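Chemist: Sending over upload.cif (mmCIF, C-alpha atoms and all ligand atoms).
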data_input
loop_
_atom_site.label_atom_id
_atom_site.label_comp_id
_atom_site.auth_asym_id
_atom_site.auth_seq_id
_atom_site.Cartn_x
_atom_site.Cartn_y
_atom_site.Cartn_z
CA MET V 104 1.07 -17.54 48.42
CA ILE V 105 0.52 -14.37 50.44
CA LYS V 106 -3.20 -15.09 50.47
CA LYS V 107 -2.40 -18.56 51.75
CA LEU V 108 -0.28 -17.11 54.54
CA LEU V 109 -2.91 -14.61 55.56
CA MET V 110 -5.55 -17.30 55.65
CA ASN V 111 -3.52 -19.24 58.14
CA SER V 112 -5.17 -17.48 61.03
CA ARG V 113 -4.60 -20.23 63.57
CA LEU V 114 -1.02 -19.07 63.87
CA PRO V 115 -0.07 -16.60 66.58
CA GLU V 116 -0.08 -13.08 65.21
CA LYS V 117 3.67 -12.61 65.40
CA HIS V 118 4.21 -15.70 63.19
CA VAL V 119 1.80 -14.46 60.55
CA ARG V 120 3.51 -11.08 60.58
CA ARG V 121 6.92 -12.66 60.31
CA ARG V 122 5.90 -14.78 57.34
CA ASP V 123 4.20 -11.90 55.60
CA PHE V 124 7.29 -9.85 56.11
CA LEU V 125 9.58 -12.57 54.78
CA LYS V 126 7.37 -13.08 51.77
CA ILE V 127 7.28 -9.37 51.01
CA LEU V 128 11.02 -9.25 51.42
CA VAL V 129 11.36 -12.17 49.03
CA LEU V 130 9.03 -10.67 46.46
CA SER V 131 10.72 -7.30 46.62
CA ALA V 132 14.09 -8.99 46.17
CA LEU V 133 12.80 -10.95 43.17
CA GLY V 134 10.99 -7.92 41.77
CA SER V 135 14.15 -5.91 41.87
CA GLY V 136 15.59 -8.10 39.12
CA ALA V 137 18.60 -8.87 41.25
CA ALA V 138 16.99 -12.20 42.07
CA PHE V 139 17.91 -14.34 45.03
CA LYS V 140 21.15 -12.70 46.05
CA ALA V 141 19.26 -9.50 46.72
CA PHE V 142 17.33 -11.32 49.40
CA SER V 143 20.22 -11.82 51.77
CA ASN V 144 21.51 -8.32 51.11
CA THR V 145 18.08 -6.85 51.78
CA ALA V 146 17.63 -8.99 54.87
CA GLU V 147 21.06 -8.17 56.22
CA ALA V 148 20.61 -4.46 55.56
CA TYR V 149 17.28 -4.69 57.35
CA ILE V 150 18.81 -6.45 60.33
CA GLY V 151 21.55 -3.86 60.52
CA SER V 152 19.16 -0.97 60.34
CA ILE V 153 16.62 -1.66 63.08
CA SER V 154 16.61 -3.64 66.26
CA SER V 155 13.40 -4.92 67.83
CA PRO V 156 11.95 -8.28 68.93
CA PHE V 157 10.35 -8.50 65.47
CA ASP V 158 13.77 -8.35 63.81
CA ASP V 159 14.82 -11.34 65.85
CA HIS V 160 12.52 -13.45 63.66
CA ILE V 161 14.32 -12.39 60.50
CA ARG V 162 17.69 -13.00 62.09
CA ASP V 163 16.39 -16.34 63.27
CA TYR V 164 15.31 -17.30 59.74
CA ILE V 165 18.70 -16.55 58.23
CA TYR V 166 20.45 -18.37 61.07
CA LYS V 167 18.30 -21.46 60.45
CA MET V 168 19.11 -21.51 56.77
CA LYS V 169 22.81 -21.32 57.51
CA HIS V 170 22.41 -24.23 59.94
CA PHE V 171 19.81 -26.12 57.94
CA ASP V 172 20.77 -29.55 59.22
CA SER V 173 20.46 -28.73 62.92
CA PRO V 174 17.26 -28.71 64.95
CA HIS V 175 15.92 -25.31 66.00
CA ARG V 176 13.70 -24.39 68.91
CA ASP V 177 10.49 -23.66 67.04
CA ASP V 178 10.82 -26.41 64.39
CA ILE V 179 7.58 -28.24 63.60
CA LYS V 180 7.72 -31.92 64.52
CA ILE V 181 5.44 -34.90 64.08
CA ASP V 182 2.83 -34.80 66.82
CA ARG V 183 3.75 -37.15 69.70
CA ALA V 184 0.25 -38.64 69.53
CA VAL V 185 0.89 -40.03 66.03
CA TYR V 186 4.59 -40.84 66.42
CA TYR V 187 4.02 -44.59 66.55
CA THR V 188 1.93 -44.41 63.37
CA PHE V 189 4.61 -42.23 61.76
CA LYS V 190 7.33 -44.75 62.62
CA SER V 191 5.47 -47.78 61.28
CA MET V 192 4.50 -45.87 58.14
CA VAL V 193 8.10 -44.81 57.41
CA LYS V 194 9.28 -48.40 57.85
CA ARG V 195 6.53 -49.64 55.55
CA LEU V 196 7.55 -47.10 52.87
CA ASN V 197 11.13 -48.38 53.06
CA ARG V 198 9.97 -52.01 52.69
CA LEU V 199 7.84 -50.92 49.74
CA GLU V 200 10.89 -49.42 48.04
CA GLU V 201 12.86 -52.62 48.74
CA VAL V 202 10.20 -54.71 47.00
CA VAL V 203 9.59 -52.34 44.09
CA GLY V 204 13.30 -51.65 43.53
CA HIS V 205 15.24 -48.40 43.79
CA GLY V 206 14.82 -47.42 40.12
CA ARG V 207 11.12 -48.15 39.66
CA PHE V 208 10.22 -46.63 43.01
CA HIS V 209 11.02 -43.17 41.60
CA VAL V 210 7.91 -43.27 39.42
CA LEU V 211 5.59 -45.35 41.60
CA SER V 212 2.20 -43.75 42.10
CA PHE V 213 0.53 -43.46 45.50
CA ASP V 214 -2.35 -45.78 44.55
CA LYS V 215 -0.05 -48.44 43.12
CA GLY V 216 2.11 -48.29 46.24
CA ILE V 217 -0.90 -48.79 48.52
CA LYS V 218 -2.02 -51.75 46.43
CA LEU V 219 1.43 -53.38 46.41
CA ALA V 220 1.68 -53.00 50.18
CA ARG V 221 -1.63 -54.85 50.47
CA ASP V 222 -0.50 -57.61 48.08
CA PHE V 223 2.95 -58.26 49.59
CA SER V 224 2.88 -59.53 53.15
CA TYR V 225 6.53 -58.50 53.59
CA ILE V 226 5.41 -54.87 53.20
CA GLY V 227 2.04 -55.20 54.90
CA GLU V 228 -1.06 -53.09 54.31
CA PHE V 229 -0.94 -49.40 55.27
CA SER V 230 -3.30 -48.93 58.23
CA ARG V 231 -6.12 -46.40 58.14
CA ASP V 232 -4.15 -44.20 60.58
CA GLU V 233 -1.03 -44.39 58.39
CA LEU V 234 -3.01 -43.41 55.30
CA ASN V 235 -4.64 -40.53 57.17
CA LEU V 236 -1.23 -39.32 58.28
CA LEU V 237 0.19 -39.53 54.74
CA GLU V 238 -2.78 -37.55 53.46
CA ASP V 239 -2.48 -35.03 56.24
CA LEU V 240 1.22 -34.54 55.50
CA PHE V 241 0.67 -34.21 51.76
CA TYR V 242 -2.06 -31.58 52.00
CA ARG V 243 -0.48 -29.61 54.81
CA ASP V 244 0.70 -26.12 53.90
CA ALA V 245 4.50 -26.44 53.96
CA THR V 246 4.93 -22.80 54.95
CA GLN V 247 4.15 -24.14 58.45
CA TYR V 248 7.56 -25.83 58.36
CA GLY V 249 9.27 -22.72 56.99
CA PHE V 250 9.35 -24.01 53.40
CA LEU V 251 8.25 -21.23 51.05
CA GLY V 252 8.53 -22.89 47.63
CA ASP V 253 5.56 -23.53 45.36
CA LYS V 254 3.46 -26.68 45.23
CA THR V 255 4.13 -28.45 41.94
CA ILE V 256 1.91 -31.54 42.38
CA THR V 257 -1.52 -30.85 43.80
CA GLY V 258 -3.05 -34.30 44.19
CA ILE V 259 -1.64 -37.15 46.27
CA THR V 260 -2.79 -39.63 43.62
CA ASP V 261 -1.29 -37.71 40.67
CA ARG V 262 0.74 -40.17 38.62
CA ILE V 263 3.66 -40.00 36.27
CA ASN V 264 2.73 -41.18 32.83
CA LYS V 265 5.17 -43.99 31.97
CA SER V 266 5.21 -42.97 28.33
CA ASP V 267 6.48 -39.51 29.30
CA VAL V 268 9.65 -40.76 30.98
CA ILE V 269 12.72 -42.69 29.99
CA TYR V 270 14.79 -44.97 32.24
CA ILE V 271 18.53 -44.37 32.26
CA PRO V 272 19.83 -47.77 33.44
CA GLU V 273 23.46 -46.79 34.07
CA HIS V 274 22.29 -44.11 36.49
CA GLY V 275 19.26 -45.96 37.94
CA ASN V 276 17.02 -42.95 37.38
CA TYR V 277 14.28 -41.68 35.06
CA LEU V 278 14.16 -38.46 33.09
CA TYR V 279 11.27 -36.80 31.33
CA LYS V 280 11.46 -37.23 27.57
CA GLY V 281 12.04 -34.00 25.73
CA ARG V 282 13.80 -31.12 27.48
CA SER V 283 15.17 -32.98 30.53
CA PHE V 284 16.53 -35.91 28.54
CA GLU V 285 17.98 -33.66 25.87
CA MET V 286 19.59 -31.38 28.42
CA PHE V 287 21.17 -34.29 30.30
CA ASN V 288 22.59 -35.71 27.07
CA LYS V 289 23.95 -32.31 26.11
CA ILE V 290 25.55 -31.95 29.54
CA ARG V 291 27.21 -35.35 29.16
CA GLN V 292 28.48 -34.54 25.69
CA GLN V 293 29.85 -31.16 26.73
CA ALA V 294 30.84 -31.60 30.38
CA GLY V 295 32.06 -35.17 30.04
CA GLU V 296 31.30 -38.65 31.28
CA ASN V 297 32.30 -37.68 34.80
CA VAL V 298 28.88 -36.05 35.21
CA THR V 299 26.30 -38.53 36.54
CA LEU V 300 22.57 -38.32 36.99
CA THR V 301 22.13 -38.65 40.77
CA SER V 302 18.38 -38.06 40.88
CA GLY V 303 15.83 -37.63 38.12
CA VAL V 304 12.05 -37.84 38.07
CA ARG V 305 10.53 -38.32 41.51
CA GLY V 306 6.86 -39.03 42.02
CA VAL V 307 4.82 -38.52 45.17
CA MET V 308 5.88 -41.81 46.83
CA LYS V 309 9.60 -41.20 46.30
CA GLN V 310 9.34 -37.68 47.69
CA PHE V 311 7.41 -39.06 50.70
CA LEU V 312 10.18 -41.60 51.31
CA LEU V 313 13.03 -39.08 51.08
CA PHE V 314 11.33 -36.40 53.14
CA LEU V 315 9.98 -38.73 55.83
CA ASN V 316 13.24 -40.68 56.16
CA LYS V 317 15.01 -37.41 56.79
CA ALA V 318 12.40 -36.37 59.36
CA TYR V 319 12.53 -39.83 60.98
CA LYS V 320 16.31 -39.69 61.40
CA ASN V 321 15.80 -36.36 63.15
CA GLN V 322 13.13 -37.24 65.74
CA GLY V 323 10.22 -36.44 63.41
CA ASN V 324 11.48 -32.91 62.72
CA LEU V 325 9.55 -31.83 59.62
CA SER V 326 11.05 -28.33 59.51
CA LEU V 327 14.59 -29.69 59.53
CA ALA V 328 13.70 -32.14 56.74
CA SER V 329 12.14 -29.34 54.68
CA ARG V 330 15.32 -27.29 54.81
CA SER V 331 17.10 -29.85 52.62
CA LEU V 332 14.26 -31.71 50.89
CA ALA V 333 11.08 -30.34 49.41
CA PRO V 334 8.01 -31.79 51.18
CA PRO V 335 5.92 -34.19 49.04
CA GLY V 336 4.12 -32.26 46.32
CA TYR V 337 6.62 -29.40 46.42
CA SER V 338 9.50 -31.01 44.51
CA PHE V 339 10.44 -29.83 41.04
CA HIS V 340 11.71 -33.36 40.39
CA GLY V 341 8.08 -34.09 39.59
CA ASN V 342 8.26 -31.51 36.80
CA GLY V 343 11.52 -32.30 35.01
CA ASP V 344 14.32 -30.91 37.17
CA PHE V 345 17.15 -33.31 37.99
CA ASP V 346 20.32 -33.59 40.06
CA VAL V 347 23.79 -34.22 38.74
CA GLY V 348 27.00 -35.26 40.42
CA GLN V 349 30.60 -36.22 39.96
CA ALA V 350 31.06 -39.91 39.05
CA GLY V 351 32.46 -41.86 41.99
CA PHE V 352 31.77 -39.09 44.51
CA GLY V 353 28.81 -40.90 46.12
CA ALA V 354 26.81 -39.15 48.84
CA LEU V 355 29.28 -36.25 48.82
CA ASN V 356 27.55 -35.14 45.64
CA PHE V 357 24.77 -33.84 47.90
CA THR V 358 27.08 -31.72 50.05
CA LYS V 359 28.88 -28.42 49.57
CA ARG V 360 31.94 -30.45 48.55
CA PHE V 361 30.34 -31.07 45.18
CA THR V 362 31.46 -27.51 44.33
CA THR V 363 35.09 -28.71 44.50
CA THR V 364 34.64 -31.30 41.72
CA VAL V 365 35.63 -31.18 38.07
CA ALA V 366 32.02 -31.94 37.11
CA TYR V 367 30.80 -28.86 39.00
CA GLN V 368 33.48 -26.68 37.41
CA ASN V 369 32.60 -27.91 33.93
CA LEU V 370 28.89 -27.30 34.52
CA CYS V 371 29.62 -23.78 35.74
CA ASP V 372 31.87 -23.01 32.80
CA LEU V 373 29.22 -24.23 30.38
CA GLY V 374 26.51 -22.14 32.06
CA TYR V 375 24.25 -25.03 33.11
CA LEU V 376 23.89 -24.05 36.72
CA LYS V 377 20.76 -21.97 36.47
CA LEU V 378 19.88 -23.10 39.94
CA ARG V 379 16.54 -23.67 41.57
CA TYR V 380 17.93 -23.15 45.06
CA GLU V 381 20.81 -20.72 44.99
CA LEU V 382 23.08 -19.67 47.82
CA ASP V 383 21.03 -17.61 50.29
CA ASN V 384 17.82 -18.37 48.42
CA PRO V 385 14.69 -17.05 50.11
CA LEU V 386 12.62 -20.23 49.83
CA GLY V 387 13.66 -21.98 53.02
CA VAL V 388 15.86 -24.49 51.19
CA ARG V 389 19.62 -25.02 51.49
CA PHE V 390 21.97 -24.18 48.62
CA GLU V 391 21.74 -26.96 46.01
CA PRO V 392 24.46 -26.52 43.39
CA TRP V 393 23.75 -30.00 41.99
CA HIS V 394 20.12 -29.33 41.09
CA ILE V 395 19.49 -28.57 37.40
CA ARG V 396 16.46 -26.47 36.70
CA ILE V 397 14.52 -27.10 33.52
CA THR V 398 11.98 -24.26 33.43
ZN ZN D 1 17.23 -31.70 43.20
#
What does this structure look like when you write it as structure tokens?
Ligand SMILES: [Zn+2]
Modeler:
Amino acid sequence: MIKKLLMNSRLPEKHVRRRDFLKILVLSALGSGAAFKAFSNTAEAYIGSISSPFDDHIRDYIYKMKHFDSPHRDDIKIDRAVYYTFKSMVKRLNRLEEVVGHGRFHVLSFDKGIKLARDFSYIGEFSRDELNLLEDLFYRDATQYGFLGDKTITGITDRINKSDVIYIPEHGNYLYKGRSFEMFNKIRQQAGENVTLTSGVRGVMKQFLLFLNKAYKNQGNLSLASRSLAPPGYSFHGNGDFDVGQAGFGALNFTKRFTTTVAYQNLCDLGYLKLRYELDNPLGVRFEPWHIRIT
């Protein structure tokens, strides 16, 4: 990752320095064994100790993560020149999901999606410009947005093998057979039926849809989207992680209020919340107490 950051020489020097610094800070926090919580302590101690224009960047980073759902001055947005293409492509992705169905769309591959769009006039074929934009977005280094997590899926056409996953009809989601499925069943047995599967396996197309819908609702703001959703290719939902919620709690399951539910309390008591994105995590992602980490 550091190599990747250093290679990004098109960035102004101060940005490269800031990212290197953040990454070193992150690695030192992780290396200390105190894991994520050490990050905010280290960062806050650092802020308290020195004051210079360089420190403003660190302060800025922490401020952004606390206000993840608000736009910030230097957020990266979709280029104005391709905004029309972006808009039509997002709408097409939503029509594609409508046709494929909410459940099946989770595991739809990129190639299959492109083909279906061509075959169904209601969706309409993705234009060359739309495909170029999708490719550009997929292969872009997400550290540009401020997202510092690892890439888990490297190819846009990588597909989920149908025989590796199992559909859970009552929750409308898929889980990987083996560890994910077993862990979810164990959670249900131990924590009770009030725990639901709110999001399971997500392939490239599903992650595109979630991430780009979020950016679209926020004037094409890719940085803002990346603070609450991993960019396509960077989601651990492609690798077995899943989200849980409290039955009947709806969209509130994806807010801080989830921590007030019985389901959350049960999961905590049983020790299941080995989180991917903890409070004050250093990866540029909001706190996600509903996300169950498999590896
Ligand atoms: Zn998740």
Chemist: With a distance cut-off of 10 Å and all atoms listed in the file, select the neighbouring residues of region 334-339 of chain V, excluding the residue or stretch itself and same-chain residues fewer than 3 positions from it, and output the selection as a ChimeraX atom specification.
Modeler: /V:237,240-245,248,250-259,261,303-315,325-326,328-331,342-345,379,394-398
Chemist: Quick one: pull the distance between CA of Val298 (chain V) and CA of Gln349 (chain V), Å, one decimal.
Modeler: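 Calculated distance between CA of Val298 (chain V) and CA of Gln349 (chain V) is 5.1 Å.
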Chemist: Have a look at V:Asn356, V:Asn324, V:Ser302, V:Thr362 and name the one nearest to ligand ZN 1 (chain D); count all atoms listed in the file.
Modeler: V:Ser302
Chemist: Kindly indicate which residue among V:Pro174, V:Gly353, V:Gly348, V:Gly206 lies nearest to Gly275 (chain V), using only C-alpha atoms for the distances.
Modeler: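 Smallest separation from Gly275 (chain V) among the options: V:Gly206.
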Chemist: Do a neighbour search on Thr301 (chain V) at 7 Å with only C-alpha atoms, toss out local chain neighbours closer than 4 positions, and write the hits as a list of chain:residue names.
Modeler: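 Close residues of Thr301 (chain V): V:His274, V:Asp346, V:Val347, V:Gly348.
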Chemist: Measuring atom to atom with only C-alpha atoms and all ligand atoms, identify which of V:Ala350, V:Ile217, V:Cys371, V:Leu300 is nearest to ligand ZN 1 (chain D).
Modeler: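 Checking each candidate against ligand ZN 1 (chain D), we get V:Leu300 as the closest.
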Chemist: Could you jot down the CA of His205 (chain V) to CA of Tyr375 (chain V) separation for me, Å, one decimal place?
Modeler: 27.2 Å
Chemist: Please compute the CA of Asn235 (chain V)-CA of Arg176 (chain V) distance, one decimal, in Å.
Modeler: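 Distance between the two atoms: 27.1 Å.
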Chemist: Restricting the calculation to all atoms listed in the file: of V:Ala318, V:Asp372, V:Tyr367, V:Phe357, which residue gets closest to Ile181 (chain V)?
Modeler: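 Answer, going by the shortest atom-to-atom distance: V:Ala318.
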Chemist: From the list V:Leu332, V:Leu370, V:Leu236, V:Val210, which residue is nearest Val268 (chain V) when using all atoms listed in the file?
Modeler: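 Of the candidates, the smallest distance to Val268 (chain V) is held by V:Val210.
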